[in-house]
file query-v1.cif (mmCIF, C-alpha atoms (C1' of nucleotides))
data_structure
#
loop_
_atom_site.label_atom_id
_atom_site.label_comp_id
_atom_site.auth_asym_id
_atom_site.auth_seq_id
_atom_site.Cartn_x
_atom_site.Cartn_y
_atom_site.Cartn_z
CA MET G 144 -22.17 11.59 -59.21
CA ALA G 145 -19.65 14.15 -58.10
CA GLN G 146 -21.45 17.43 -57.65
CA VAL G 147 -19.62 20.68 -57.07
CA THR G 148 -22.14 23.41 -57.73
CA ALA G 149 -24.05 24.23 -54.59
CA THR G 150 -27.82 24.42 -54.81
CA ALA G 151 -28.87 25.98 -51.53
CA ARG G 152 -32.04 27.41 -53.01
CA ASN G 153 -33.77 27.16 -49.68
CA GLY G 154 -30.69 28.06 -47.66
CA ASP G 155 -30.16 31.37 -45.96
CA THR G 156 -29.71 34.56 -47.91
CA ALA G 157 -25.91 34.57 -47.83
CA GLN G 158 -25.80 31.13 -49.42
CA ARG G 159 -28.31 32.12 -52.10
CA ILE G 160 -26.22 35.17 -52.90
CA LEU G 161 -23.17 32.95 -53.24
CA ASP G 162 -25.09 30.63 -55.56
CA ILE G 163 -26.01 33.44 -57.91
CA ALA G 164 -22.60 35.07 -57.73
CA GLU G 165 -20.92 31.75 -58.37
CA ARG G 166 -22.80 31.18 -61.58
CA LEU G 167 -22.16 34.74 -62.77
CA MET G 168 -18.48 34.46 -61.99
CA GLN G 169 -18.12 31.09 -63.71
CA VAL G 170 -19.81 32.39 -66.83
CA ARG G 171 -18.64 36.02 -67.02
CA GLY G 172 -15.60 36.20 -64.75
CA TYR G 173 -14.74 38.36 -61.76
CA ASN G 174 -14.52 41.53 -63.86
CA GLY G 175 -17.60 40.64 -65.87
CA PHE G 176 -20.35 40.82 -63.27
CA SER G 177 -21.55 43.35 -60.70
CA TYR G 178 -23.63 43.59 -57.54
CA ALA G 179 -26.39 44.94 -59.78
CA ASP G 180 -26.44 41.65 -61.71
CA ILE G 181 -26.88 39.65 -58.53
CA ALA G 182 -29.51 42.05 -57.21
CA GLU G 183 -31.55 41.80 -60.39
CA THR G 184 -31.59 37.98 -60.37
CA MET G 185 -32.36 37.79 -56.66
CA ARG G 186 -34.87 40.57 -56.25
CA LEU G 187 -32.78 42.09 -53.53
CA THR G 188 -31.21 45.54 -53.61
CA LYS G 189 -27.51 46.19 -53.98
CA ALA G 190 -27.45 47.69 -50.49
CA SER G 191 -28.74 44.45 -49.01
CA LEU G 192 -26.01 42.51 -50.76
CA HIS G 193 -23.44 44.76 -49.11
CA TYR G 194 -24.93 43.86 -45.74
CA HIS G 195 -24.01 40.20 -46.35
CA PHE G 196 -20.78 40.81 -48.26
CA PRO G 197 -19.30 44.25 -47.48
CA SER G 198 -17.02 44.30 -50.51
CA LYS G 199 -16.69 42.51 -53.82
CA SER G 200 -13.28 41.17 -52.87
CA GLU G 201 -14.81 39.65 -49.72
CA LEU G 202 -17.56 38.11 -51.83
CA GLY G 203 -14.96 36.68 -54.19
CA ARG G 204 -12.88 35.28 -51.37
CA ARG G 205 -15.84 33.63 -49.65
CA LEU G 206 -17.00 32.26 -52.97
CA MET G 207 -13.63 30.67 -53.65
CA GLU G 208 -13.49 29.35 -50.13
CA ARG G 209 -16.84 27.59 -50.52
CA TYR G 210 -15.97 26.38 -54.01
CA THR G 211 -12.77 24.72 -52.85
CA GLU G 212 -14.59 23.21 -49.89
CA ASN G 213 -17.24 21.71 -52.19
CA PHE G 214 -14.58 20.50 -54.60
CA LEU G 215 -12.61 18.78 -51.87
CA ALA G 216 -15.83 17.19 -50.63
CA ALA G 217 -16.40 15.81 -54.13
CA LEU G 218 -12.86 14.40 -54.13
CA GLY G 219 -13.60 12.83 -50.76
CA ARG G 220 -16.64 11.10 -52.22
CA ILE G 221 -14.46 9.74 -55.00
CA ASP G 222 -12.04 8.38 -52.43
CA ALA G 223 -14.93 6.78 -50.58
CA THR G 224 -15.92 4.71 -53.61
CA GLY G 225 -12.84 2.57 -53.18
CA ALA G 226 -12.59 2.32 -56.96
CA ASP G 227 -9.22 1.72 -58.61
CA ALA G 228 -7.04 4.66 -59.59
CA HIS G 229 -8.07 4.57 -63.22
CA GLU G 230 -11.74 4.77 -62.32
CA LYS G 231 -11.06 7.54 -59.83
CA LEU G 232 -9.35 9.59 -62.52
CA GLN G 233 -12.41 9.16 -64.69
CA ARG G 234 -14.56 10.46 -61.90
CA TYR G 235 -12.20 13.37 -61.41
CA VAL G 236 -12.70 14.26 -65.06
CA SER G 237 -16.44 13.91 -64.65
CA ILE G 238 -16.44 16.71 -62.08
CA TYR G 239 -15.13 19.07 -64.74
CA ALA G 240 -17.51 17.65 -67.34
CA GLU G 241 -20.49 18.33 -65.13
CA VAL G 242 -19.50 21.96 -64.57
CA LEU G 243 -19.16 22.35 -68.32
CA ALA G 244 -22.55 20.69 -68.87
CA ASN G 245 -24.00 23.66 -66.97
CA LYS G 246 -22.31 25.97 -69.50
CA ARG G 247 -19.89 27.17 -66.84
CA MET G 248 -16.13 27.37 -66.58
CA CYS G 249 -14.33 25.99 -63.57
CA LEU G 250 -14.34 28.97 -61.24
CA CYS G 251 -10.60 28.66 -60.72
CA GLY G 252 -9.78 28.34 -64.39
CA MET G 253 -11.69 31.55 -64.95
CA LEU G 254 -9.91 33.30 -62.10
CA ALA G 255 -6.53 32.00 -63.22
CA ALA G 256 -7.06 33.88 -66.48
CA GLU G 257 -8.04 37.07 -64.67
CA TYR G 258 -5.36 36.51 -62.05
CA ALA G 259 -3.49 39.79 -62.58
CA THR G 260 -6.59 41.84 -61.74
CA LEU G 261 -7.73 39.94 -58.64
CA PRO G 262 -7.62 41.18 -55.05
CA LYS G 263 -4.84 39.51 -53.09
CA SER G 264 -7.19 37.54 -50.85
CA VAL G 265 -8.87 36.02 -53.90
CA LYS G 266 -5.54 35.20 -55.54
CA ALA G 267 -4.52 33.27 -52.45
CA GLU G 268 -7.69 31.17 -52.59
CA VAL G 269 -7.14 30.36 -56.26
CA THR G 270 -3.67 28.92 -55.72
CA ARG G 271 -4.92 27.11 -52.64
CA PHE G 272 -7.46 25.37 -54.87
CA PHE G 273 -4.85 24.24 -57.36
CA ASP G 274 -2.46 23.16 -54.63
CA ALA G 275 -5.18 21.00 -53.08
CA ASN G 276 -5.95 19.52 -56.48
CA GLU G 277 -2.32 18.69 -56.98
CA THR G 278 -1.99 17.01 -53.60
CA TRP G 279 -5.02 14.83 -54.20
CA LEU G 280 -3.93 13.82 -57.69
CA VAL G 281 -0.38 13.03 -56.61
CA GLY G 282 -1.67 10.69 -53.92
CA LEU G 283 -3.95 9.02 -56.42
CA LEU G 284 -1.23 8.62 -59.03
CA GLN G 285 1.26 7.15 -56.59
CA GLU G 286 -1.30 4.71 -55.30
CA GLY G 287 -2.31 3.80 -58.86
CA LYS G 288 1.26 3.21 -59.89
CA ARG G 289 1.88 0.85 -56.99
CA SER G 290 -1.22 -1.17 -57.82
CA LYS G 291 -0.48 -0.91 -61.56
CA ASP G 292 -3.89 0.61 -62.31
CA VAL G 293 -2.22 3.48 -64.12
CA SER G 294 1.15 3.79 -65.79
CA PHE G 295 3.26 6.87 -66.26
CA GLY G 296 6.86 7.96 -66.37
CA GLY G 297 8.44 10.86 -64.52
CA SER G 298 7.32 12.58 -61.37
CA ALA G 299 3.74 12.29 -60.14
CA ILE G 300 3.68 15.98 -59.34
CA GLU G 301 4.36 16.92 -62.94
CA ILE G 302 1.71 14.53 -64.17
CA ALA G 303 -0.78 15.95 -61.71
CA ARG G 304 -0.09 19.53 -62.78
CA THR G 305 -0.26 18.61 -66.43
CA ILE G 306 -3.61 16.88 -66.00
CA THR G 307 -5.22 19.80 -64.16
CA ALA G 308 -3.84 22.43 -66.51
CA SER G 309 -4.87 20.46 -69.57
CA LEU G 310 -8.39 19.89 -68.28
CA GLU G 311 -8.79 23.58 -67.51
CA GLY G 312 -7.59 24.49 -71.01
CA ALA G 313 -9.82 21.92 -72.69
CA MET G 314 -12.75 23.22 -70.67
CA MET G 315 -12.06 26.78 -71.74
CA LEU G 316 -11.90 25.91 -75.42
CA ALA G 317 -14.92 23.62 -75.29
CA ARG G 318 -16.99 26.37 -73.72
CA ALA G 319 -15.94 28.88 -76.37
CA TYR G 320 -17.12 26.45 -79.04
CA ASP G 321 -20.15 25.48 -76.97
CA ASP G 322 -19.16 21.88 -77.62
CA ALA G 323 -18.92 19.66 -74.55
CA GLU G 324 -17.75 16.74 -76.67
CA ARG G 325 -14.56 18.63 -77.41
CA PHE G 326 -13.78 18.48 -73.73
CA ASN G 327 -14.66 14.80 -73.37
CA ARG G 328 -12.51 13.71 -76.30
CA ALA G 329 -9.53 15.75 -75.11
CA ALA G 330 -9.93 14.49 -71.55
CA GLN G 331 -10.06 10.84 -72.56
CA ARG G 332 -7.02 11.24 -74.74
CA LEU G 333 -5.10 12.96 -71.95
CA LEU G 334 -5.92 10.28 -69.42
CA ALA G 335 -5.01 7.49 -71.79
CA ASP G 336 -1.76 9.08 -72.95
CA ILE G 337 -0.51 10.75 -69.80
CA ALA G 338 -1.68 8.47 -67.03
CA GLY G 339 -3.77 5.76 -68.63
CA SER G 340 -4.34 2.20 -67.66
CA PRO G 341 -1.70 0.00 -69.29
CA SER G 342 -4.33 -1.43 -71.66
CA ALA G 343 -5.62 1.99 -72.75
CA ARG G 344 -2.07 3.13 -73.25
CA ALA G 345 -1.42 0.17 -75.51
CA ARG G 346 -4.52 0.94 -77.58
CA GLN G 347 -3.39 4.52 -78.02
CA LEU G 348 -0.05 3.42 -79.42
CA THR G 349 -1.54 0.96 -81.85
CA THR G 350 -1.82 2.92 -85.04
CA MET D 276 13.02 32.55 -82.95
CA ALA D 277 9.29 32.70 -83.46
CA GLN D 278 8.08 36.15 -82.44
CA VAL D 279 4.43 36.98 -82.09
CA THR D 280 4.29 40.19 -80.09
CA ALA D 281 4.48 43.16 -82.40
CA THR D 282 6.99 45.87 -81.58
CA ALA D 283 6.04 48.73 -83.86
CA ARG D 284 7.46 51.32 -81.51
CA ASN D 285 8.23 53.60 -84.38
CA GLY D 286 5.14 52.69 -86.37
CA ASP D 287 2.13 54.90 -86.79
CA THR D 288 -0.13 55.80 -83.91
CA ALA D 289 -2.75 53.15 -84.57
CA GLN D 290 -0.10 50.43 -84.37
CA ARG D 291 1.33 51.85 -81.16
CA ILE D 292 -2.14 51.91 -79.64
CA LEU D 293 -2.58 48.28 -80.61
CA ASP D 294 0.77 47.42 -79.01
CA ILE D 295 -0.25 48.92 -75.67
CA ALA D 296 -3.77 47.53 -75.80
CA GLU D 297 -2.43 44.09 -76.68
CA ARG D 298 -0.22 43.97 -73.64
CA LEU D 299 -3.00 45.20 -71.36
CA MET D 300 -5.43 42.68 -72.76
CA GLN D 301 -2.99 39.79 -72.46
CA VAL D 302 -2.26 40.67 -68.85
CA ARG D 303 -5.62 41.93 -67.56
CA GLY D 304 -8.19 40.68 -70.07
CA TYR D 305 -10.81 42.43 -72.18
CA ASN D 306 -12.87 43.42 -69.15
CA GLY D 307 -9.82 44.37 -67.13
CA PHE D 308 -8.50 47.38 -69.00
CA SER D 309 -9.90 50.67 -70.26
CA TYR D 310 -9.17 53.44 -72.73
CA ALA D 311 -7.91 55.41 -69.77
CA ASP D 312 -5.22 52.78 -69.15
CA ILE D 313 -4.00 53.04 -72.73
CA ALA D 314 -4.13 56.82 -72.65
CA GLU D 315 -2.05 56.99 -69.50
CA THR D 316 0.70 54.75 -70.88
CA MET D 317 0.78 56.51 -74.23
CA ARG D 318 0.42 60.11 -73.20
CA LEU D 319 -2.52 60.52 -75.49
CA THR D 320 -6.07 61.44 -74.44
CA LYS D 321 -9.00 59.04 -74.47
CA ALA D 322 -10.65 61.17 -77.15
CA SER D 323 -7.67 60.67 -79.46
CA LEU D 324 -7.87 56.93 -78.98
CA HIS D 325 -11.48 57.03 -80.08
CA TYR D 326 -10.39 58.77 -83.27
CA HIS D 327 -8.32 55.70 -84.20
CA PHE D 328 -10.63 53.07 -82.71
CA PRO D 329 -14.21 54.37 -82.43
CA SER D 330 -15.31 51.66 -80.00
CA LYS D 331 -13.72 49.16 -77.67
CA SER D 332 -15.24 46.28 -79.59
CA GLU D 333 -13.63 47.59 -82.77
CA LEU D 334 -10.31 47.87 -80.95
CA GLY D 335 -10.68 44.30 -79.72
CA ARG D 336 -11.54 42.99 -83.16
CA ARG D 337 -8.62 44.74 -84.85
CA LEU D 338 -6.31 43.55 -82.11
CA MET D 339 -7.36 39.94 -82.57
CA GLU D 340 -7.09 40.31 -86.33
CA ARG D 341 -3.50 41.51 -86.06
CA TYR D 342 -2.64 38.92 -83.43
CA THR D 343 -3.84 36.04 -85.61
CA GLU D 344 -2.00 37.50 -88.59
CA ASN D 345 1.25 37.66 -86.60
CA PHE D 346 0.71 34.18 -85.23
CA LEU D 347 0.15 32.72 -88.67
CA ALA D 348 3.27 34.49 -89.87
CA ALA D 349 5.21 32.82 -87.06
CA LEU D 350 3.80 29.45 -88.13
CA GLY D 351 4.88 30.24 -91.69
CA ARG D 352 8.43 30.85 -90.48
CA ILE D 353 8.36 27.48 -88.75
CA ASP D 354 7.27 25.84 -91.99
CA ALA D 355 10.09 27.62 -93.80
CA THR D 356 12.74 26.01 -91.62
CA GLY D 357 12.11 22.66 -93.26
CA ALA D 358 12.70 20.98 -89.90
CA ASP D 359 11.11 17.64 -89.14
CA ALA D 360 7.68 17.47 -87.53
CA HIS D 361 9.03 16.86 -84.06
CA GLU D 362 11.24 19.92 -84.23
CA LYS D 363 8.38 22.00 -85.64
CA LEU D 364 6.19 21.04 -82.70
CA GLN D 365 8.94 22.18 -80.37
CA ARG D 366 9.04 25.52 -82.13
CA TYR D 367 5.27 25.75 -81.91
CA VAL D 368 5.55 25.34 -78.16
CA SER D 369 8.29 27.94 -78.05
CA ILE D 370 5.88 30.55 -79.41
CA TYR D 371 3.74 30.08 -76.33
CA ALA D 372 6.78 29.98 -74.07
CA GLU D 373 7.95 33.30 -75.39
CA VAL D 374 4.61 34.99 -74.76
CA LEU D 375 4.71 33.64 -71.22
CA ALA D 376 8.28 34.85 -70.78
CA ASN D 377 6.86 38.36 -71.22
CA LYS D 378 4.46 37.64 -68.34
CA ARG D 379 1.52 37.58 -70.72
CA MET D 380 -1.22 35.11 -71.48
CA CYS D 381 -1.94 34.07 -75.04
CA LEU D 382 -4.45 36.73 -76.10
CA CYS D 383 -6.84 34.05 -77.30
CA GLY D 384 -6.61 31.95 -74.17
CA MET D 385 -7.51 35.04 -72.18
CA LEU D 386 -10.42 35.85 -74.46
CA ALA D 387 -11.61 32.24 -74.45
CA ALA D 388 -12.07 32.57 -70.69
CA GLU D 389 -13.99 35.85 -71.05
CA TYR D 390 -15.83 34.54 -74.08
CA ALA D 391 -19.37 34.97 -72.71
CA THR D 392 -18.85 38.72 -72.26
CA LEU D 393 -17.21 39.51 -75.60
CA PRO D 394 -18.76 41.47 -78.49
CA LYS D 395 -19.77 39.17 -81.33
CA SER D 396 -17.12 40.48 -83.72
CA VAL D 397 -14.39 39.66 -81.20
CA LYS D 398 -15.80 36.19 -80.51
CA ALA D 399 -15.61 35.43 -84.22
CA GLU D 400 -11.94 36.38 -84.34
CA VAL D 401 -11.14 34.18 -81.35
CA THR D 402 -12.56 31.03 -82.91
CA ARG D 403 -10.91 31.94 -86.20
CA PHE D 404 -7.58 31.92 -84.37
CA PHE D 405 -8.15 28.48 -82.89
CA ASP D 406 -9.46 27.11 -86.18
CA ALA D 407 -6.31 28.30 -87.96
CA ASN D 408 -4.17 26.75 -85.23
CA GLU D 409 -5.97 23.47 -85.65
CA THR D 410 -5.55 23.45 -89.41
CA TRP D 411 -1.82 24.08 -89.16
CA LEU D 412 -1.28 21.44 -86.49
CA VAL D 413 -3.33 18.82 -88.33
CA GLY D 414 -1.20 19.30 -91.44
CA LEU D 415 1.95 19.03 -89.39
CA LEU D 416 0.79 15.91 -87.55
CA GLN D 417 -0.25 14.11 -90.72
CA GLU D 418 3.04 14.95 -92.39
CA GLY D 419 4.93 13.83 -89.28
CA LYS D 420 3.10 10.57 -89.10
CA ARG D 421 3.90 9.73 -92.72
CA SER D 422 7.57 10.46 -92.20
CA LYS D 423 7.49 8.74 -88.78
CA ASP D 424 8.86 11.82 -87.00
CA VAL D 425 5.94 11.70 -84.57
CA SER D 426 3.68 8.89 -83.47
CA PHE D 427 0.11 9.07 -82.25
CA GLY D 428 -3.10 7.10 -82.34
CA GLY D 429 -6.54 8.36 -83.28
CA SER D 430 -7.50 11.35 -85.37
CA ALA D 431 -5.05 14.16 -86.02
CA ILE D 432 -7.76 16.73 -85.43
CA GLU D 433 -8.32 15.51 -81.88
CA ILE D 434 -4.60 15.53 -81.17
CA ALA D 435 -4.32 19.04 -82.53
CA ARG D 436 -7.17 20.32 -80.38
CA THR D 437 -5.81 18.58 -77.31
CA ILE D 438 -2.37 20.07 -77.81
CA THR D 439 -3.64 23.64 -78.19
CA ALA D 440 -6.09 23.40 -75.29
CA SER D 441 -3.48 21.86 -73.02
CA LEU D 442 -0.88 24.48 -73.85
CA GLU D 443 -3.38 27.25 -73.16
CA GLY D 444 -4.28 25.70 -69.82
CA ALA D 445 -0.67 25.14 -68.84
CA MET D 446 0.08 28.73 -69.75
CA MET D 447 -2.74 30.00 -67.59
CA LEU D 448 -1.66 28.05 -64.56
CA ALA D 449 2.02 28.87 -65.02
CA ARG D 450 1.21 32.56 -65.15
CA ALA D 451 -0.87 32.38 -61.98
CA TYR D 452 2.10 30.79 -60.21
CA ASP D 453 4.53 33.13 -61.98
CA ASP D 454 6.53 30.01 -62.83
CA ALA D 455 7.45 29.62 -66.49
CA GLU D 456 9.08 26.27 -65.78
CA ARG D 457 5.68 24.85 -64.92
CA PHE D 458 4.67 25.52 -68.48
CA ASN D 459 7.83 24.07 -69.99
CA ARG D 460 7.61 20.83 -68.04
CA ALA D 461 3.93 20.35 -68.88
CA ALA D 462 4.54 21.16 -72.54
CA GLN D 463 7.40 18.69 -72.91
CA ARG D 464 5.37 15.98 -71.24
CA LEU D 465 2.41 16.65 -73.49
CA LEU D 466 4.46 16.52 -76.66
CA ALA D 467 6.22 13.35 -75.61
CA ASP D 468 3.04 11.59 -74.51
CA ILE D 469 0.49 12.82 -77.01
CA ALA D 470 2.47 13.27 -80.20
CA GLY D 471 6.08 12.58 -79.37
CA SER D 472 8.88 11.21 -81.45
CA PRO D 473 8.92 7.41 -81.17
CA SER D 474 12.11 7.61 -79.10
CA ALA D 475 10.71 10.17 -76.65
CA ARG D 476 7.56 8.14 -76.33
CA ALA D 477 9.59 5.07 -75.45
CA ARG D 478 11.48 7.02 -72.77
CA GLN D 479 8.23 8.19 -71.26
CA LEU D 480 6.97 4.62 -70.91
CA THR D 481 10.16 3.34 -69.38
CA THR D 482 9.44 3.43 -65.67
"C1'" DG I 217 -32.23 42.48 -42.79
"C1'" DT I 218 -33.95 45.18 -46.26
"C1'" DC I 219 -35.03 49.40 -48.11
"C1'" DT I 220 -34.35 54.43 -50.50
"C1'" DA I 221 -31.17 57.64 -51.60
"C1'" DT I 222 -26.89 59.04 -52.78
"C1'" DA I 223 -21.97 59.65 -52.77
"C1'" DG I 224 -17.71 59.47 -55.43
"C1'" DG I 225 -15.53 57.33 -59.00
"C1'" DT I 226 -14.80 55.24 -63.61
"C1'" DG I 227 -16.64 53.21 -67.82
"C1'" DG I 228 -17.14 54.07 -73.07
"C1'" DA I 229 -18.21 57.58 -76.09
"C1'" DT I 230 -19.19 62.36 -78.43
"C1'" DA I 231 -18.99 67.57 -79.69
"C1'" DG I 232 -16.44 70.95 -81.24
"C1'" DA I 233 -12.16 74.03 -80.98
"C1'" DC I 234 -7.52 74.06 -82.66
"C1'" DG R 70 -4.98 64.17 -85.28
"C1'" DT R 71 -5.16 65.82 -80.87
"C1'" DC R 72 -7.11 68.45 -77.50
"C1'" DT R 73 -10.72 70.15 -73.59
"C1'" DA R 74 -14.99 69.55 -71.92
"C1'" DT R 75 -18.78 66.94 -71.15
"C1'" DC R 76 -22.55 63.23 -71.22
"C1'" DC R 77 -24.68 59.45 -69.26
"C1'" DA R 78 -24.61 54.86 -67.72
"C1'" DC R 79 -22.71 52.00 -64.48
"C1'" DC R 80 -19.57 50.76 -60.75
"C1'" DT R 81 -18.55 49.80 -55.58
"C1'" DA R 82 -19.84 51.39 -51.37
"C1'" DT R 83 -22.20 54.02 -47.43
"C1'" DA R 84 -25.84 56.58 -44.53
"C1'" DG R 85 -29.78 56.26 -42.33
"C1'" DA R 86 -34.95 55.17 -42.18
"C1'" DC R 87 -37.95 51.27 -41.36
#
call {"tool": "encode", "arguments": {"input": "query-v1.cif", "output": "structure tokens"}}
result
Amino acid sequence: MAQVTATARNGDTAQRILDIAERLMQVRGYNGFSYADIAETMRLTKASLHYHFPSKSELGRRLMERYTENFLAALGRIDATGADAHEKLQRYVSIYAEVLANKRMCLCGMLAAEYATLPKSVKAEVTRFFDANETWLVGLLQEGKRSKDVSFGGSAIEIARTITASLEGAMMLARAYDDAERFNRAAQRLLADIAGSPSARARQLTT
Amino acid sequence: MAQVTATARNGDTAQRILDIAERLMQVRGYNGFSYADIAETMRLTKASLHYHFPSKSELGRRLMERYTENFLAALGRIDATGADAHEKLQRYVSIYAEVLANKRMCLCGMLAAEYATLPKSVKAEVTRFFDANETWLVGLLQEGKRSKDVSFGGSAIEIARTITASLEGAMMLARAYDDAERFNRAAQRLLADIAGSPSARARQLTT
DNA sequence: GTCTATAGGTGGATAGAC
DNA sequence: GTCTATCCACCTATAGAC
């Protein structure tokens, strides 16, 4: 299954720091955690953390960089399955669902909310993430339309943006209610209505 | 037009504090602003702010309370128009669009992201807001279905939740890209696909 | 690479004069 | 109601020993 969260528990120190920081940032946000929080969980002093990541903005940037890398790798694994477009979209959704299952927000959804307060270098990484998402989804949608696995009207780019934004929003609300099923129901409805398989689309209309 | 943001510029001090704090919180989040920020904008000392709002959590709670009140009032004005369900949904979307036009996030979308770090009393107000949203939308959707102004399959409650979550997500992304049109395009697509008028739905399928 | 110690700043919050 | 003055906890970050 598509796995985004890194688990380099036996990796080097920098990677372990990123693991802890990533979780903290996904749960509490960029402005909601400190070097002290990481230090406490890791049994390492704040000063040592600064050796690996001189500033918080650098930590945030590196974190985003790794997150996007892992996310793109997960998308690559979806591509490698050779499944049809409809199935690939389901797997795309399952990436989000898995993050939520760990009681976390998508790192980029979190940072999009805090966007106004972020260091410039972190902001740039956040939009890079969403741009990469968009590119991947557009390719998938166009391919799916040709092969008639999915059906939609209008531009693929708008559909792609709507899907990502909606999933991020559904994730945010589901986490506030601590109810993963909220996310799953919203996600299935979105896929069926916005870019569903022709059969699913027909079911949705039948009422 | 539906107006949520309060503008009590000539109101009493407490209301003016809430106005400033509201804007700061919508732009920077609960963890991204301080009493000092309010004080600076208002030309009032931090100590004076504490006279009106003893603690930040109390300020946050009162802010959310007022925000929900204003939002529900806006929904009441939509009801009062007597428009059909499709038109009412458009006006619902326009509330969000207007907040975004002021370069702000929906206060509750912002707080949903920061949820894990919020004081309990503020958390409660956030879910109360979304619950009230859901109730209003469900009523509207059921009424619209009866009168055939909108068409959708499945439960109204799921549609309502999906609409709100998707709008919040679209708002978040649009603000990060400083591109209000991103929100508008996503919102129109969502309405058409998820709970559109039968004619709009037909247009969307025609491709 | 990790530590102790600390700098320099800001956070929310309070006491008490006016 | 608003002010000055202050507290103490916490923040990011650095210096320098080991």
call {"tool": "resolve_selection", "arguments": {"input": "query-v1.cif", "expression": "the PyMOL selection byres ((chain D) within 7 of (chain G))", "output": "ChimeraX atom specification"}}
result
/D:302-304,306-307,385,387-392,427-428,433,437,440-441,443-445,447-448,451,461,468-469,479-482
call {"tool": "resolve_selection", "arguments": {"input": "query-v1.cif", "expression": "the PyMOL selection byres ((chain I) within 8 of (chain G))", "output": "list in words"}}
result
DG217, DT218 and DC219 of chain I
call {"tool": "resolve_selection", "arguments": {"input": "query-v1.cif", "expression": "the PyMOL selection byres ((chain R) within 10 of (chain D))", "output": "tab-separated table (two decimals) with C-alpha atoms (C1' of nucleotides), in the frame of the given file"}}
result
chain	number	residue	atom	x	y	z
R	70	DG	C1'	-4.98	64.17	-85.28
R	71	DT	C1'	-5.16	65.82	-80.87
R	72	DC	C1'	-7.11	68.45	-77.50
R	73	DT	C1'	-10.72	70.15	-73.59
call {"tool": "residues_around", "arguments": {"input": "query-v1.cif", "residues": "Gly287 in chain G", "least_positions_apart": "2", "cutoff": "10 Å", "atoms": "only C-alpha atoms (C1' of nucleotides)", "output": "number ranges by chain"}}
result
G: 227-229, 231-232, 281-285, 289-295, 338, 340
call {"tool": "residues_near_point", "arguments": {"input": "query-v1.cif", "point": "(-15.8, 54.5, -55.5)", "cutoff": "6 Å", "atoms": "all atoms listed in the file", "output": "ChimeraX atom specification"}}
result
/I:224-225 /R:81
call {"tool": "atom_distance", "arguments": {"input": "query-v1.cif", "atom1": "CA of Leu375 in chain D", "atom2": "CA of Ile295 in chain D"}}
result
16.7 Å
call {"tool": "residues_around", "arguments": {"input": "query-v1.cif", "residues": "Glu297 in chain D", "least_positions_apart": "4", "cutoff": "8 Å", "atoms": "only C-alpha atoms (C1' of nucleotides)", "output": "PDB file with C-alpha atoms, in the coordinates of the input"}}
result
ATOM      1  CA  LEU D 293      -2.580  48.280 -80.610  1.00  0.00           C
ATOM      2  CA  GLN D 301      -2.990  39.790 -72.460  1.00  0.00           C
ATOM      3  CA  LEU D 338      -6.310  43.550 -82.110  1.00  0.00           C
ATOM      4  CA  LEU D 382      -4.450  36.730 -76.100  1.00  0.00           C
TER       5      LEU D 382
END
call {"tool": "atom_distance", "arguments": {"input": "query-v1.cif", "atom1": "C1' of DT230 in chain I", "atom2": "C1' of DT75 in chain R"}}
result
8.6 Å
call {"tool": "atom_distance", "arguments": {"input": "query-v1.cif", "atom1": "CA of Ser396 in chain D", "atom2": "CA of Ile181 in chain G"}}
result
27.0 Å
call {"tool": "decode", "arguments": {"input": "query-v1.cif", "residues": "range 436-445 of chain D", "atoms": "N, CA and C atoms", "output": "PDB file, in the first residue's frame"}}
result
ATOM      1  N   ARG D 436     -21.820  17.579   4.315  1.00  0.00           N
ATOM      2  CA  ARG D 436     -20.456  17.531   4.866  1.00  0.00           C
ATOM      3  C   ARG D 436     -19.417  17.651   3.760  1.00  0.00           C
ATOM      4  N   THR D 437     -19.689  17.006   2.649  1.00  0.00           N
ATOM      5  CA  THR D 437     -18.737  17.056   1.537  1.00  0.00           C
ATOM      6  C   THR D 437     -18.627  18.468   0.985  1.00  0.00           C
ATOM      7  N   ILE D 438     -19.755  19.147   0.879  1.00  0.00           N
ATOM      8  CA  ILE D 438     -19.728  20.517   0.368  1.00  0.00           C
ATOM      9  C   ILE D 438     -18.900  21.420   1.274  1.00  0.00           C
ATOM     10  N   THR D 439     -19.188  21.393   2.570  1.00  0.00           N
ATOM     11  CA  THR D 439     -18.462  22.267   3.498  1.00  0.00           C
ATOM     12  C   THR D 439     -16.966  21.954   3.505  1.00  0.00           C
ATOM     13  N   ALA D 440     -16.623  20.670   3.623  1.00  0.00           N
ATOM     14  CA  ALA D 440     -15.210  20.291   3.660  1.00  0.00           C
ATOM     15  C   ALA D 440     -14.504  20.720   2.383  1.00  0.00           C
ATOM     16  N   SER D 441     -15.149  20.518   1.254  1.00  0.00           N
ATOM     17  CA  SER D 441     -14.518  20.852  -0.022  1.00  0.00           C
ATOM     18  C   SER D 441     -14.329  22.356  -0.164  1.00  0.00           C
ATOM     19  N   LEU D 442     -15.308  23.116   0.266  1.00  0.00           N
ATOM     20  CA  LEU D 442     -15.167  24.574   0.184  1.00  0.00           C
ATOM     21  C   LEU D 442     -14.032  25.054   1.085  1.00  0.00           C
ATOM     22  N   GLU D 443     -13.924  24.468   2.270  1.00  0.00           N
ATOM     23  CA  GLU D 443     -12.841  24.860   3.174  1.00  0.00           C
ATOM     24  C   GLU D 443     -11.480  24.535   2.544  1.00  0.00           C
ATOM     25  N   GLY D 444     -11.390  23.363   1.963  1.00  0.00           N
ATOM     26  CA  GLY D 444     -10.130  22.972   1.331  1.00  0.00           C
ATOM     27  C   GLY D 444      -9.788  23.861   0.150  1.00  0.00           C
ATOM     28  N   ALA D 445     -10.781  24.144  -0.666  1.00  0.00           N
ATOM     29  CA  ALA D 445     -10.556  24.982  -1.844  1.00  0.00           C
ATOM     30  C   ALA D 445     -10.127  26.386  -1.423  1.00  0.00           C
TER      31      ALA D 445
END
